[in-house]
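For reference, final17.txt is printed below; it contains compact mmCIF, C-alpha atoms and all ligand atoms.
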# COMPACT_ATOMS: atom_id res chain seq x y z
CA MET A 1 15.24 38.88 -7.01
CA ALA A 2 13.81 40.46 -10.12
CA HIS A 3 10.43 38.94 -9.27
CA SER A 4 9.68 41.33 -6.41
CA GLU A 5 6.60 42.85 -8.12
CA ALA A 6 5.82 39.62 -9.92
CA GLY A 7 2.39 38.19 -10.45
CA GLY A 8 -0.04 37.33 -13.20
CA VAL A 9 -1.75 34.23 -14.46
CA MET A 10 0.09 30.92 -14.73
CA THR A 11 -0.81 27.74 -16.54
CA VAL A 12 -0.87 24.95 -14.00
CA GLU A 13 -1.10 21.40 -15.32
CA VAL A 14 -2.48 18.92 -12.84
CA GLN A 15 -2.46 15.17 -13.25
CA ARG A 16 -6.02 13.89 -12.90
CA TYR A 17 -7.08 10.30 -12.40
CA ARG A 18 -10.60 9.10 -11.66
CA PRO A 19 -10.42 5.48 -10.50
CA ASP A 20 -13.99 4.69 -11.52
CA VAL A 21 -13.70 5.91 -15.13
CA ASP A 22 -10.07 6.36 -16.22
CA ASP A 23 -7.58 3.71 -17.23
CA THR A 24 -4.62 6.06 -17.10
CA PRO A 25 -4.05 9.53 -15.65
CA ARG A 26 -4.06 12.62 -17.85
CA LEU A 27 -2.87 16.22 -17.48
CA VAL A 28 -5.48 18.97 -17.22
CA SER A 29 -4.50 22.65 -17.59
CA TYR A 30 -5.87 25.44 -15.41
CA GLU A 31 -5.19 29.17 -15.53
CA VAL A 32 -4.35 30.32 -12.02
CA PRO A 33 -3.89 33.95 -10.95
CA TRP A 34 -0.90 34.38 -8.68
CA THR A 35 1.01 36.96 -6.67
CA GLN A 36 4.28 36.99 -4.80
CA ASP A 37 2.88 34.88 -1.94
CA THR A 38 0.76 32.30 -3.80
CA SER A 39 1.93 28.85 -2.78
CA VAL A 40 1.39 25.76 -4.91
CA LEU A 41 -1.12 24.58 -2.32
CA ASP A 42 -2.94 27.94 -2.65
CA ALA A 43 -3.06 27.35 -6.41
CA LEU A 44 -4.63 23.91 -5.90
CA ASN A 45 -7.16 25.33 -3.47
CA TYR A 46 -7.96 28.06 -6.01
CA ILE A 47 -8.61 25.40 -8.64
CA LYS A 48 -10.81 23.45 -6.24
CA ASP A 49 -12.76 26.53 -5.09
CA GLU A 50 -13.12 28.36 -8.39
CA LEU A 51 -12.54 26.04 -11.34
CA ASP A 52 -13.15 22.36 -10.60
CA SER A 53 -14.38 21.19 -7.23
CA SER A 54 -13.76 17.54 -8.09
CA ILE A 55 -9.97 17.88 -7.89
CA THR A 56 -8.60 15.78 -5.04
CA PHE A 57 -5.44 16.32 -3.01
CA ARG A 58 -4.22 16.09 0.59
CA TRP A 59 -3.20 18.94 2.80
CA SER A 60 -3.60 20.08 6.37
CA CYS A 61 -1.18 22.40 8.12
CA ARG A 62 -0.07 24.54 5.12
CA MET A 63 3.14 25.23 7.04
CA ALA A 64 5.45 22.35 6.15
CA ILE A 65 4.96 20.32 9.29
CA CYS A 66 2.12 17.82 8.74
CA GLY A 67 3.75 16.19 5.72
CA SER A 68 0.47 15.74 3.81
CA CYS A 69 0.99 17.86 0.71
CA GLY A 70 3.86 16.15 -1.10
CA PHE A 71 3.59 16.41 -4.90
CA MET A 72 5.90 16.18 -7.88
CA LEU A 73 6.41 19.76 -9.07
CA ASN A 74 7.89 19.74 -12.56
CA GLY A 75 9.17 16.26 -11.77
CA GLU A 76 10.71 17.01 -8.35
CA PRO A 77 9.22 15.90 -5.05
CA LYS A 78 8.26 18.99 -2.99
CA LEU A 79 5.81 20.11 -0.32
CA GLY A 80 3.07 22.09 -2.06
CA CYS A 81 2.62 24.47 0.85
CA GLU A 82 6.33 25.29 0.94
CA GLN A 83 6.78 26.15 -2.74
CA PHE A 84 5.60 29.30 -4.43
CA LEU A 85 4.30 29.86 -7.93
CA ARG A 86 6.80 32.70 -8.38
CA THR A 87 9.60 30.09 -8.40
CA TYR A 88 8.04 28.52 -11.48
CA ALA A 89 7.24 31.78 -13.29
CA PRO A 90 6.32 32.19 -16.07
CA GLY A 91 5.16 28.58 -16.05
CA PRO A 92 3.71 26.22 -16.93
CA LEU A 93 3.92 24.33 -13.64
CA ARG A 94 3.20 20.60 -13.72
CA ILE A 95 1.77 19.03 -10.55
CA GLU A 96 1.70 15.24 -10.32
CA PRO A 97 1.21 12.77 -7.46
CA LEU A 98 4.31 11.55 -5.61
CA ALA A 99 6.35 9.22 -7.81
CA ASN A 100 6.83 5.55 -6.87
CA HIS A 101 3.37 5.36 -5.31
CA ALA A 102 0.07 3.91 -6.44
CA VAL A 103 -2.34 6.72 -7.32
CA GLU A 104 -5.78 6.47 -5.72
CA ARG A 105 -7.29 9.58 -7.30
CA ASP A 106 -5.80 12.75 -8.82
CA LEU A 107 -2.96 13.76 -6.49
CA VAL A 108 -3.78 11.31 -3.71
CA VAL A 109 -1.45 8.33 -3.37
CA ASP A 110 -1.78 5.12 -1.38
CA LEU A 111 -0.09 5.66 1.99
CA GLU A 112 -0.55 2.20 3.36
CA PRO A 113 2.67 0.56 2.10
CA PHE A 114 4.69 3.37 3.68
CA MET A 115 2.74 3.31 6.93
CA THR A 116 3.24 -0.44 7.31
CA LYS A 117 6.97 -0.12 6.59
CA LEU A 118 7.21 2.62 9.19
CA ALA A 119 5.28 0.58 11.76
CA ALA A 120 7.47 -2.44 11.01
CA VAL A 121 10.59 -0.79 12.45
CA GLU A 122 8.79 -0.24 15.78
CA PRO A 123 9.46 3.50 15.91
CA TYR A 124 8.87 4.03 19.61
CA LEU A 125 10.93 3.69 22.77
CA HIS A 126 11.54 0.15 23.92
CA PRO A 127 12.09 0.44 27.66
CA ASP A 128 15.09 -0.98 29.48
CA PRO A 129 14.15 -4.60 30.25
CA THR A 130 15.86 -4.29 33.63
CA GLY A 131 13.46 -1.52 34.65
CA THR A 132 13.19 2.24 34.29
CA PRO A 133 16.00 4.08 36.07
CA GLU A 134 15.21 6.48 38.95
CA PRO A 135 14.21 9.30 38.72
CA GLY A 136 12.96 8.44 35.22
CA ASN A 137 14.18 8.53 31.67
CA LEU A 138 16.43 11.57 31.78
CA GLN A 139 18.51 12.60 28.81
CA THR A 140 21.36 15.07 28.43
CA PRO A 141 21.52 17.53 25.50
CA GLU A 142 24.51 15.52 24.23
CA GLN A 143 22.48 12.31 24.21
CA MET A 144 19.71 14.11 22.34
CA THR A 145 22.13 15.52 19.77
CA ARG A 146 23.02 11.96 18.83
CA TYR A 147 19.63 11.39 17.15
CA GLY A 148 18.12 14.91 17.04
CA GLN A 149 18.47 15.46 13.31
CA PHE A 150 16.77 12.15 12.50
CA ALA A 151 13.86 13.02 14.78
CA ALA A 152 12.89 15.96 12.56
CA CYS A 153 11.17 13.70 10.01
CA ILE A 154 7.53 14.61 9.22
CA ASN A 155 6.76 11.44 7.22
CA CYS A 156 6.03 13.39 4.05
CA MET A 157 7.36 10.59 1.83
CA LEU A 158 9.22 12.97 -0.48
CA CYS A 159 12.29 10.77 0.02
CA TYR A 160 10.34 7.73 -1.23
CA ALA A 161 9.32 9.68 -4.32
CA ALA A 162 12.95 10.71 -4.90
CA CYS A 163 14.49 7.26 -4.49
CA PRO A 164 14.91 5.12 -7.63
CA GLN A 165 15.45 2.04 -5.48
CA VAL A 166 11.97 2.48 -3.97
CA GLY A 167 10.60 2.46 -7.52
CA LEU A 168 12.67 -0.55 -8.61
CA ALA A 169 12.41 -2.65 -5.44
CA THR A 170 8.96 -1.87 -4.05
CA ASP A 171 9.54 -3.91 -0.87
CA PHE A 172 12.56 -1.80 0.07
CA LEU A 173 12.02 -0.50 3.59
CA GLY A 174 13.01 2.93 2.28
CA PRO A 175 14.63 6.11 3.60
CA ALA A 176 12.19 7.43 6.22
CA ALA A 177 11.43 4.05 7.84
CA ILE A 178 15.13 3.21 8.14
CA THR A 179 15.80 6.70 9.48
CA ALA A 180 13.10 6.19 12.11
CA ALA A 181 14.79 2.94 13.16
CA VAL A 182 18.18 4.66 13.39
CA ARG A 183 16.64 7.55 15.32
CA TYR A 184 15.40 5.16 18.05
CA ASN A 185 18.52 3.00 17.95
CA LYS A 186 20.59 6.09 18.76
CA ASP A 187 18.32 7.14 21.61
CA SER A 188 19.86 6.52 25.04
CA ARG A 189 16.39 5.66 26.45
CA ASP A 190 15.70 2.97 23.85
CA PHE A 191 16.58 -0.72 24.05
CA GLY A 192 14.98 -1.97 20.83
CA ASN A 193 18.13 -2.22 18.71
CA ALA A 194 18.12 -6.03 18.80
CA GLN A 195 14.47 -6.21 17.67
CA ARG A 196 15.03 -3.80 14.79
CA LEU A 197 18.30 -5.24 13.51
CA PRO A 198 16.85 -8.36 11.85
CA LEU A 199 14.36 -6.21 9.93
CA LEU A 200 17.04 -3.78 8.76
CA ASP A 201 19.69 -6.38 8.01
CA GLN A 202 17.81 -8.35 5.34
CA GLU A 203 17.40 -8.21 1.61
CA ASP A 204 14.47 -5.78 1.61
CA GLY A 205 15.75 -3.86 4.62
CA LEU A 206 18.82 -1.66 4.32
CA TRP A 207 20.57 -3.30 1.46
CA PRO A 208 18.62 -2.19 -1.63
CA CYS A 209 20.08 1.28 -0.90
CA THR A 210 22.88 2.10 -3.33
CA PHE A 211 23.50 5.59 -1.93
CA VAL A 212 22.08 7.59 -4.80
CA GLY A 213 21.56 10.32 -2.22
CA ALA A 214 18.39 11.75 -3.81
CA CYS A 215 16.40 11.26 -0.57
CA SER A 216 18.57 13.71 1.34
CA THR A 217 18.27 16.34 -1.39
CA ALA A 218 14.49 15.95 -1.48
CA CYS A 219 13.99 16.07 2.30
CA PRO A 220 12.34 19.37 3.30
CA LYS A 221 13.42 18.98 6.94
CA GLY A 222 17.17 18.46 6.59
CA VAL A 223 16.91 14.96 8.04
CA ASP A 224 19.57 13.47 5.71
CA PRO A 225 18.03 9.99 5.50
CA ALA A 226 20.89 8.83 3.24
CA ALA A 227 23.30 9.42 6.13
CA ALA A 228 21.04 7.47 8.50
CA ILE A 229 20.95 4.52 6.09
CA GLN A 230 24.73 4.46 5.59
CA GLN A 231 25.24 4.66 9.36
CA ALA A 232 22.80 1.79 9.80
CA LYS A 233 24.68 -0.25 7.16
CA PHE A 234 27.90 0.43 9.05
CA ALA A 235 26.29 -0.59 12.34
CA ALA A 236 24.80 -3.77 10.82
CA THR A 237 28.21 -4.68 9.39
CA MET A 238 29.88 -4.09 12.74
CA ASP A 239 27.28 -6.31 14.45
CA TRP A 240 27.95 -9.00 11.88
CA ALA A 241 31.71 -8.68 12.41
CA THR A 242 31.34 -8.77 16.20
CA GLU A 243 29.15 -11.84 15.94
CA PHE A 244 31.73 -13.42 13.63
CA VAL A 245 34.65 -12.77 15.98
CA MET A 246 32.89 -13.57 19.27
CA PRO A 247 29.50 -15.22 18.80
CA HIS A 248 26.75 -13.96 21.13
CA HIS A 249 29.11 -11.80 23.19
CA GLY A 250 28.69 -8.52 21.37
CA ALA A 251 24.93 -8.39 21.92
CA PRO A 252 23.56 -6.14 19.16
CA GLY A 253 21.24 -4.33 21.56
CA ALA A 254 24.12 -3.14 23.74
CA LYS A 255 23.92 0.65 23.95
CA ASP A 256 27.54 1.53 24.24
CA GLY A 257 29.19 -0.92 21.92
CA GLY A 258 27.10 0.96 19.39
CA HIS A 259 27.86 2.94 16.30
CA ALA A 260 29.21 6.44 15.92
CA MET B 261 -28.83 18.16 19.33
CA THR B 262 -31.64 16.87 17.17
CA GLY B 263 -30.70 14.62 14.35
CA ALA B 264 -27.28 13.81 15.77
CA PRO B 265 -26.01 10.47 14.49
CA THR B 266 -26.17 7.74 17.10
CA SER B 267 -22.41 7.17 16.89
CA SER B 268 -21.63 10.87 17.41
CA PRO B 269 -18.04 11.48 18.42
CA THR B 270 -19.25 12.86 21.77
CA GLY B 271 -21.46 9.88 22.58
CA PRO B 272 -20.31 6.56 24.02
CA ARG B 273 -18.18 4.67 21.58
CA PRO B 274 -18.96 1.08 20.67
CA GLU B 275 -16.65 -1.51 22.15
CA ASP B 276 -13.75 -2.38 19.86
CA THR B 277 -14.11 -6.10 19.42
CA ARG B 278 -11.42 -6.52 16.78
CA PRO B 279 -8.65 -8.92 17.81
CA ALA B 280 -5.42 -7.23 18.85
CA PRO B 281 -2.88 -7.24 16.01
CA ALA B 282 -0.33 -10.03 16.19
CA ARG B 283 3.03 -8.84 17.50
CA THR B 284 5.26 -11.43 15.87
CA LEU B 285 7.96 -10.29 13.50
CA ASP B 286 8.53 -12.42 10.42
CA VAL B 287 12.17 -11.62 9.84
CA GLY B 288 12.31 -13.39 6.49
CA ARG B 289 10.19 -10.73 4.80
CA LEU B 290 8.52 -7.46 5.57
CA ALA B 291 5.71 -9.07 7.48
CA GLN B 292 3.69 -5.88 7.62
CA ALA B 293 3.82 -5.39 3.86
CA ASP B 294 2.56 -8.95 3.49
CA ARG B 295 -0.33 -8.16 5.74
CA VAL B 296 -1.29 -5.25 3.49
CA ALA B 297 -1.09 -7.44 0.40
CA ARG B 298 -3.29 -10.02 2.11
CA ARG B 299 -5.83 -7.38 3.09
CA ARG B 300 -5.87 -6.20 -0.51
CA GLU B 301 -6.58 -9.69 -1.77
CA GLU B 302 -9.37 -10.15 0.71
CA GLY B 303 -10.70 -6.72 -0.14
CA THR B 304 -10.84 -5.73 3.51
CA GLY B 305 -8.43 -2.77 3.40
CA ALA B 306 -9.32 0.86 3.97
CA GLY B 307 -11.64 2.16 1.28
CA ASP B 308 -12.64 -1.29 0.09
CA GLY B 309 -16.21 -0.87 1.26
CA THR B 310 -19.12 -0.12 -1.01
CA VAL B 311 -18.84 3.66 -0.69
CA SER B 312 -15.56 4.13 -2.52
CA GLN B 313 -14.37 2.29 -5.55
CA ARG B 314 -10.68 1.60 -5.40
CA ASN B 315 -8.77 1.15 -8.59
CA PRO B 316 -5.28 2.44 -7.88
CA TYR B 317 -3.15 3.36 -10.85
CA ARG B 318 0.36 1.92 -10.55
CA PRO B 319 2.90 3.95 -12.47
CA THR B 320 5.96 2.16 -13.84
CA MET B 321 9.45 3.55 -14.07
CA LYS B 322 10.79 4.57 -17.45
CA ARG B 323 13.70 2.52 -18.78
CA THR B 324 15.69 5.74 -18.96
CA TRP B 325 15.03 6.77 -15.34
CA PHE B 326 18.74 7.14 -14.64
CA LEU B 327 18.91 10.10 -17.02
CA ALA B 328 16.00 11.94 -15.44
CA THR B 329 17.77 14.06 -12.82
CA LYS B 330 21.25 15.40 -12.15
CA GLU B 331 21.57 13.12 -9.14
CA TYR B 332 20.54 10.02 -11.06
CA ARG B 333 23.05 10.87 -13.78
CA ALA B 334 25.84 11.37 -11.22
CA TYR B 335 24.91 8.05 -9.63
CA PHE B 336 24.93 6.34 -13.02
CA LEU B 337 28.34 7.82 -13.77
CA ARG B 338 29.69 6.46 -10.46
CA GLU B 339 28.32 2.99 -11.18
CA GLY B 340 29.58 3.09 -14.78
CA ALA B 341 33.02 4.23 -13.67
CA ALA B 342 33.32 1.04 -11.64
CA VAL B 343 33.16 -0.98 -14.88
CA VAL B 344 36.12 0.98 -16.27
CA VAL B 345 38.10 0.40 -13.08
CA GLY B 346 37.20 -3.28 -13.30
CA LEU B 347 38.59 -3.52 -16.84
CA PHE B 348 41.75 -1.77 -15.70
CA VAL B 349 42.21 -4.30 -12.92
CA LEU B 350 41.68 -7.15 -15.39
CA ASN B 351 44.44 -5.74 -17.59
CA LEU B 352 46.71 -5.47 -14.55
CA MET B 353 46.00 -9.07 -13.57
CA LEU B 354 46.74 -10.15 -17.13
CA GLY B 355 50.12 -8.44 -16.72
CA MET B 356 50.84 -10.36 -13.53
CA VAL B 357 49.92 -13.66 -15.15
CA SER B 358 52.13 -12.87 -18.14
CA ILE B 359 55.11 -12.15 -15.87
CA ALA B 360 54.69 -15.58 -14.38
CA ALA B 361 54.33 -17.16 -17.81
CA GLY B 362 57.78 -16.10 -19.02
CA LEU B 363 59.60 -13.44 -21.03
CA ASP B 364 57.67 -13.92 -24.30
CA SER B 365 54.26 -13.32 -22.83
CA TRP B 366 55.61 -10.46 -20.75
CA THR B 367 56.86 -8.69 -23.93
CA TRP B 368 53.46 -9.37 -25.51
CA TRP B 369 51.73 -7.69 -22.55
CA VAL B 370 54.09 -4.69 -22.63
CA ASP B 371 53.34 -4.29 -26.36
CA LEU B 372 49.65 -4.59 -25.60
CA GLN B 373 49.96 -1.51 -23.38
CA ARG B 374 50.83 0.56 -26.48
CA ASN B 375 47.54 -0.39 -28.08
CA PRO B 376 45.42 2.79 -28.41
CA PHE B 377 42.43 1.04 -26.79
CA VAL B 378 44.47 0.13 -23.75
CA LEU B 379 45.84 3.67 -23.58
CA VAL B 380 42.33 5.10 -23.66
CA LEU B 381 41.27 2.57 -21.02
CA ASN B 382 44.11 3.72 -18.77
CA VAL B 383 43.16 7.38 -19.15
CA LEU B 384 39.50 6.57 -18.44
CA ALA B 385 40.50 4.45 -15.45
CA LEU B 386 42.48 7.36 -14.04
CA ALA B 387 39.47 9.65 -14.47
CA ALA B 388 37.24 7.03 -12.84
CA ALA B 389 39.64 6.65 -9.92
CA VAL B 390 39.66 10.42 -9.40
CA LEU B 391 35.84 10.46 -9.53
CA HIS B 392 35.61 7.70 -6.94
CA THR B 393 38.17 9.36 -4.68
CA VAL B 394 36.29 12.66 -4.77
CA SER B 395 32.85 11.11 -4.27
CA TRP B 396 34.20 8.89 -1.47
CA ASP B 397 35.54 11.97 0.30
CA GLN B 398 32.23 13.76 -0.20
CA LEU B 399 30.16 10.88 1.15
CA THR B 400 32.30 9.81 4.12
CA PRO B 401 31.24 12.72 6.37
CA SER B 402 27.66 11.45 6.35
CA ILE B 403 28.79 8.07 7.70
CA ILE B 404 31.57 9.04 10.10
CA LYS B 405 30.08 11.31 12.74
CA VAL B 406 32.36 12.56 15.51
CA GLN B 407 30.29 14.16 18.24
CA ARG B 408 31.72 16.94 20.39
CA GLY B 409 29.17 17.95 23.02
CA THR B 410 26.02 19.04 21.22
CA ARG B 411 27.74 19.38 17.84
CA PHE B 412 29.33 17.15 15.28
CA LEU B 413 32.79 17.72 13.85
CA ALA B 414 32.49 19.68 10.59
CA ASP B 415 32.59 17.68 7.35
CA GLY B 416 35.88 19.36 6.39
CA TRP B 417 37.71 17.66 9.27
CA ILE B 418 36.51 14.22 8.23
CA ILE B 419 37.57 14.89 4.64
CA ALA B 420 40.94 16.26 5.82
CA GLN B 421 41.49 13.11 7.86
CA GLN B 422 40.71 10.98 4.78
CA VAL B 423 43.19 12.93 2.66
CA LEU B 424 45.82 12.73 5.40
CA LEU B 425 45.43 8.94 5.59
CA LEU B 426 45.76 8.72 1.81
CA VAL B 427 48.96 10.82 1.85
CA ILE B 428 50.48 8.73 4.65
CA PHE B 429 49.57 5.51 2.86
CA ALA B 430 51.04 6.78 -0.42
CA ALA B 431 54.23 7.94 1.32
CA VAL B 432 54.68 4.56 3.02
CA MET B 433 54.14 2.74 -0.28
CA VAL B 434 56.63 4.97 -2.11
CA ALA B 435 59.22 4.57 0.65
CA TRP B 436 58.71 0.81 0.75
CA LEU B 437 58.86 0.27 -3.02
CA GLY B 438 61.75 2.76 -3.33
CA GLY B 439 63.64 0.82 -0.67
CA ALA B 440 63.00 -2.44 -2.48
CA TRP B 441 64.41 -1.04 -5.70
CA SER B 442 67.61 0.46 -4.36
S1 LIG C 501 13.13 11.82 5.84
FE1 LIG C 501 12.61 13.90 5.07
S2 LIG C 501 11.73 13.49 3.01
FE2 LIG C 501 11.70 11.54 4.10
S3 LIG C 501 9.66 11.43 5.05
FE3 LIG C 501 11.05 12.32 6.60
S4 LIG C 501 10.88 14.55 6.34
FE4 LIG C 501 10.00 13.61 4.47
S1 LIG C 502 0.05 21.12 4.21
FE1 LIG C 502 1.16 20.31 5.90
S2 LIG C 502 3.12 19.97 5.03
FE2 LIG C 502 2.08 21.05 3.43
Any chance you could put this one into structure tokens?
Amino acid sequence: MAHSEAGGVMTVEVQRYRPDVDDTPRLVSYEVPWTQDTSVLDALNYIKDELDSSITFRWSCRMAICGSCGFMLNGEPKLGCEQFLRTYAPGPLRIEPLANHAVERDLVVDLEPFMTKLAAVEPYLHPDPTGTPEPGNLQTPEQMTRYGQFAACINCMLCYAACPQVGLATDFLGPAAITAAVRYNKDSRDFGNAQRLPLLDQEDGLWPCTFVGACSTACPKGVDPAAAIQQAKFAATMDWATEFVMPHHGAPGAKDGGHA
Amino acid sequence: MTGAPTSSPTGPRPEDTRPAPARTLDVGRLAQADRVARRREEGTGAGDGTVSQRNPYRPTMKRTWFLATKEYRAYFLREGAAVVVGLFVLNLMLGMVSIAAGLDSWTWWVDLQRNPFVLVLNVLALAAAVLHTVSWDQLTPSIIKVQRGTRFLADGWIIAQQVLLLVIFAAVMVAWLGGAWS
């Protein structure tokens, strides 16, 4: 790219909100020096270290795996540590907290609604009620492929910030939580399908999704949550149809009558 | 280790006397979300102590949110196109009713089809149908997954299979209707 020797000073506008004094957030501009390898997270840390130590934001791994540093960059949900200032040259770059979330302070949003939605789908292995097979819970590469992509989620909530249905229907279970449910439902070692189905197959579960598809575009890990949701809709519909045709015979937890 | 706090992370930890969380699942609502709301009301959630002062700002969506991004606009177009298709179907049903109602009303309906508004509606409905066909073909591969070993069949195969089914269906319809006419 033409930016190979790029660098300079960029205007970075950060949304600030102090819960004890402000009624509404406001944008504050900072001048940030940058080079080829200055990430957005670096820019925020520069502001905190050199310009205004009161600025508040979350981060940890600075390598796109902890999922802490999601922000809206010029209106798009992105991981701050994965984006570089050079992409936004010559600026200005606008950094705001994740959309569709309550803002606690500056760039920090309230995680609790998401965490409770995630916990609600019981995203862990439910063992075989008839006992663990000998010599243990083995899995073939083929069985792992079935859910592998959905297991790559880092719970960064970018998909929640991208989804208009999350903003319109705040109780919507949402992309990552549904994907977590699908990930375990597709796992050959898991037997929790029947417990998760009632939660997914209800008004605030799967069905607010209208397949806008923005979650999959936003996802930094290639999880494709939109695909997981549509597959879950398909599975829920099949369970309903099975129940309709032969009540209580097609047990929804059955592993192999399952979905594609 | 002078001055270490009594509850230092290396020291013995106080017994957790909180009751274990209930494990029942209220299937009527998102029970967990309710629990959060309740905790909020009681002011017993994280950060509700005296040290921090919580006053979360809740942003609202703009009325024009569907124009904000390319994806939202594409989504809006898909939803809007369904209205056009719906009107087209209404017109078609009107035609069927008018056949049943006799020759006069049938001629009226045929004349109606020459109305510029109806012509425009038909053109728009064709465009909408093409849009829906294309987006359907684009979206199907994320729902239909055919696994072969440790890979999934490429999206192109799923789309090809869709198109093939469409061609077969169209051919059968043409053959059937053609047979009925001759
Ligand atoms: S599905 Fe993707 S965007 Fe959503 S939380 Fe997981 S990693 Fe983030
Ligand atoms: S700091 Fe961990 S994902 Fe960005």
message = Using all atoms listed in the file, which protein or nucleic acid residues come within 12 Å of Ile95 (chain A)? Drop anything in the same chain fewer than 6 positions from it, and give the result as a ChimeraX atom specification.
response = /A:11-16,26-30,40-41,43-44,57,69-80,83,85,88,106-108
task = With a cut-off of 6 Å and counting only C-alpha atoms, select all residues of chain A in contact with chain B and give the selection as a ChimeraX atom specification.
result = /A:19,102-104,116,142,145,199,212,227,230-231,260
message = Distance limit 6 Å, reference ligand LIG 501 (chain C), atoms considered: only C-alpha atoms and all ligand atoms. Which residues make the cut? Give them as a list in words.
response =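 Checking only C-alpha atoms and all ligand atoms against ligand LIG 501 (chain C) at 6 Å gives Cys153, Ile154, Asn155, Cys156, Met157, Leu158, Cys159, Ala176, Ala218, Cys219, Pro220, Lys221, Val223 and Pro225 of chain A.
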request  = State, in Å with one decimal place, the distance from CA of Gln149 (chain A) to CA of Ala228 (chain A).
outcome  = 9.7 Å
key: Exercise: Ala181 (chain A) partners within 10 Å, all atoms listed in the file, chain neighbours under 4 positions left out, as a list in words   = Leu118, Ala119, Ala120, Val121, Glu122, Pro123, Tyr124, Phe150, Ala176, Ala177, Asn185, Lys186, Gly192, Asn193, Arg196, Leu197, Leu199, Leu200, Ala228, Ile229 and Ala232 of chain A
Could you produce a table of the residues of chain A lying within 7 Å of ligand LIG 502 (chain C), with the nearest pair of atoms per residue and their separation in Å rounded to one decimal, using all atoms listed in the file, ordered by chain and increasing residue number, as CSV?
residue,atom,partner,partner_atom,distance
A:Trp59,CA,C:LIG502,S1,4.2
A:Ser60,CA,C:LIG502,S1,4.4
A:Cys61,CA,C:LIG502,FE1,3.8
A:Arg62,CA,C:LIG502,S1,3.5
A:Met63,CA,C:LIG502,FE1,5.4
A:Ala64,CA,C:LIG502,S2,3.5
A:Ile65,CA,C:LIG502,S2,4.7
A:Cys66,CA,C:LIG502,FE1,3.9
A:Gly67,CA,C:LIG502,S2,3.9
A:Ser68,CA,C:LIG502,FE1,5.1
A:Cys69,CA,C:LIG502,FE2,4.3
A:Gly70,CA,C:LIG502,FE2,6.9
A:Leu79,CA,C:LIG502,FE2,5.4
A:Gly80,CA,C:LIG502,FE2,5.7
A:Cys81,CA,C:LIG502,FE2,4.3
A:Glu82,CA,C:LIG502,FE2,6.5
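Here the question is which of A:Arg58, A:Glu134, A:Met144, A:Trp240 gets nearest to Asp110 (chain A) using only C-alpha atoms, and that residue is A:Arg58.
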task = Could you check how far CA of Ala6 (chain A) sits from CA of Gln36 (chain A), in Å to one decimal?
result =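 So the answer is 6.0 Å.
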ask   = To one decimal place, how far is CA of Arg374 (chain B) from CA of Val343 (chain B) in Å?
value = 21.2 Å
ask   = For Ser39 (chain A), which residue out of A:Val109, A:Leu98, A:Leu93, A:Leu125 is the nearest one, using only C-alpha atoms?
value =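 Residue with the minimum atom-to-atom distance to Ser39 (chain A): A:Leu93.
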Counting only C-alpha atoms, select every polymer residue within 10 Å of (20.8, -3.8, 6.1) as defined in the file's coordinates, and provide the selection as a PDB file with C-alpha atoms, in the coordinates of the input.
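New file point.pdb:
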ATOM      1  CA  LEU A 173      12.020  -0.500   3.590  1.00  0.00           C
ATOM      2  CA  ILE A 178      15.130   3.210   8.140  1.00  0.00           C
ATOM      3  CA  LEU A 197      18.300  -5.240  13.510  1.00  0.00           C
ATOM      4  CA  PRO A 198      16.850  -8.360  11.850  1.00  0.00           C
ATOM      5  CA  LEU A 199      14.360  -6.210   9.930  1.00  0.00           C
ATOM      6  CA  LEU A 200      17.040  -3.780   8.760  1.00  0.00           C
ATOM      7  CA  ASP A 201      19.690  -6.380   8.010  1.00  0.00           C
ATOM      8  CA  GLN A 202      17.810  -8.350   5.340  1.00  0.00           C
ATOM      9  CA  GLU A 203      17.400  -8.210   1.610  1.00  0.00           C
ATOM     10  CA  ASP A 204      14.470  -5.780   1.610  1.00  0.00           C
ATOM     11  CA  GLY A 205      15.750  -3.860   4.620  1.00  0.00           C
ATOM     12  CA  LEU A 206      18.820  -1.660   4.320  1.00  0.00           C
ATOM     13  CA  TRP A 207      20.570  -3.300   1.460  1.00  0.00           C
ATOM     14  CA  PRO A 208      18.620  -2.190  -1.630  1.00  0.00           C
ATOM     15  CA  CYS A 209      20.080   1.280  -0.900  1.00  0.00           C
ATOM     16  CA  ILE A 229      20.950   4.520   6.090  1.00  0.00           C
ATOM     17  CA  GLN A 230      24.730   4.460   5.590  1.00  0.00           C
ATOM     18  CA  ALA A 232      22.800   1.790   9.800  1.00  0.00           C
ATOM     19  CA  LYS A 233      24.680  -0.250   7.160  1.00  0.00           C
ATOM     20  CA  PHE A 234      27.900   0.430   9.050  1.00  0.00           C
ATOM     21  CA  ALA A 235      26.290  -0.590  12.340  1.00  0.00           C
ATOM     22  CA  ALA A 236      24.800  -3.770  10.820  1.00  0.00           C
ATOM     23  CA  THR A 237      28.210  -4.680   9.390  1.00  0.00           C
TER      24      THR A 237
END
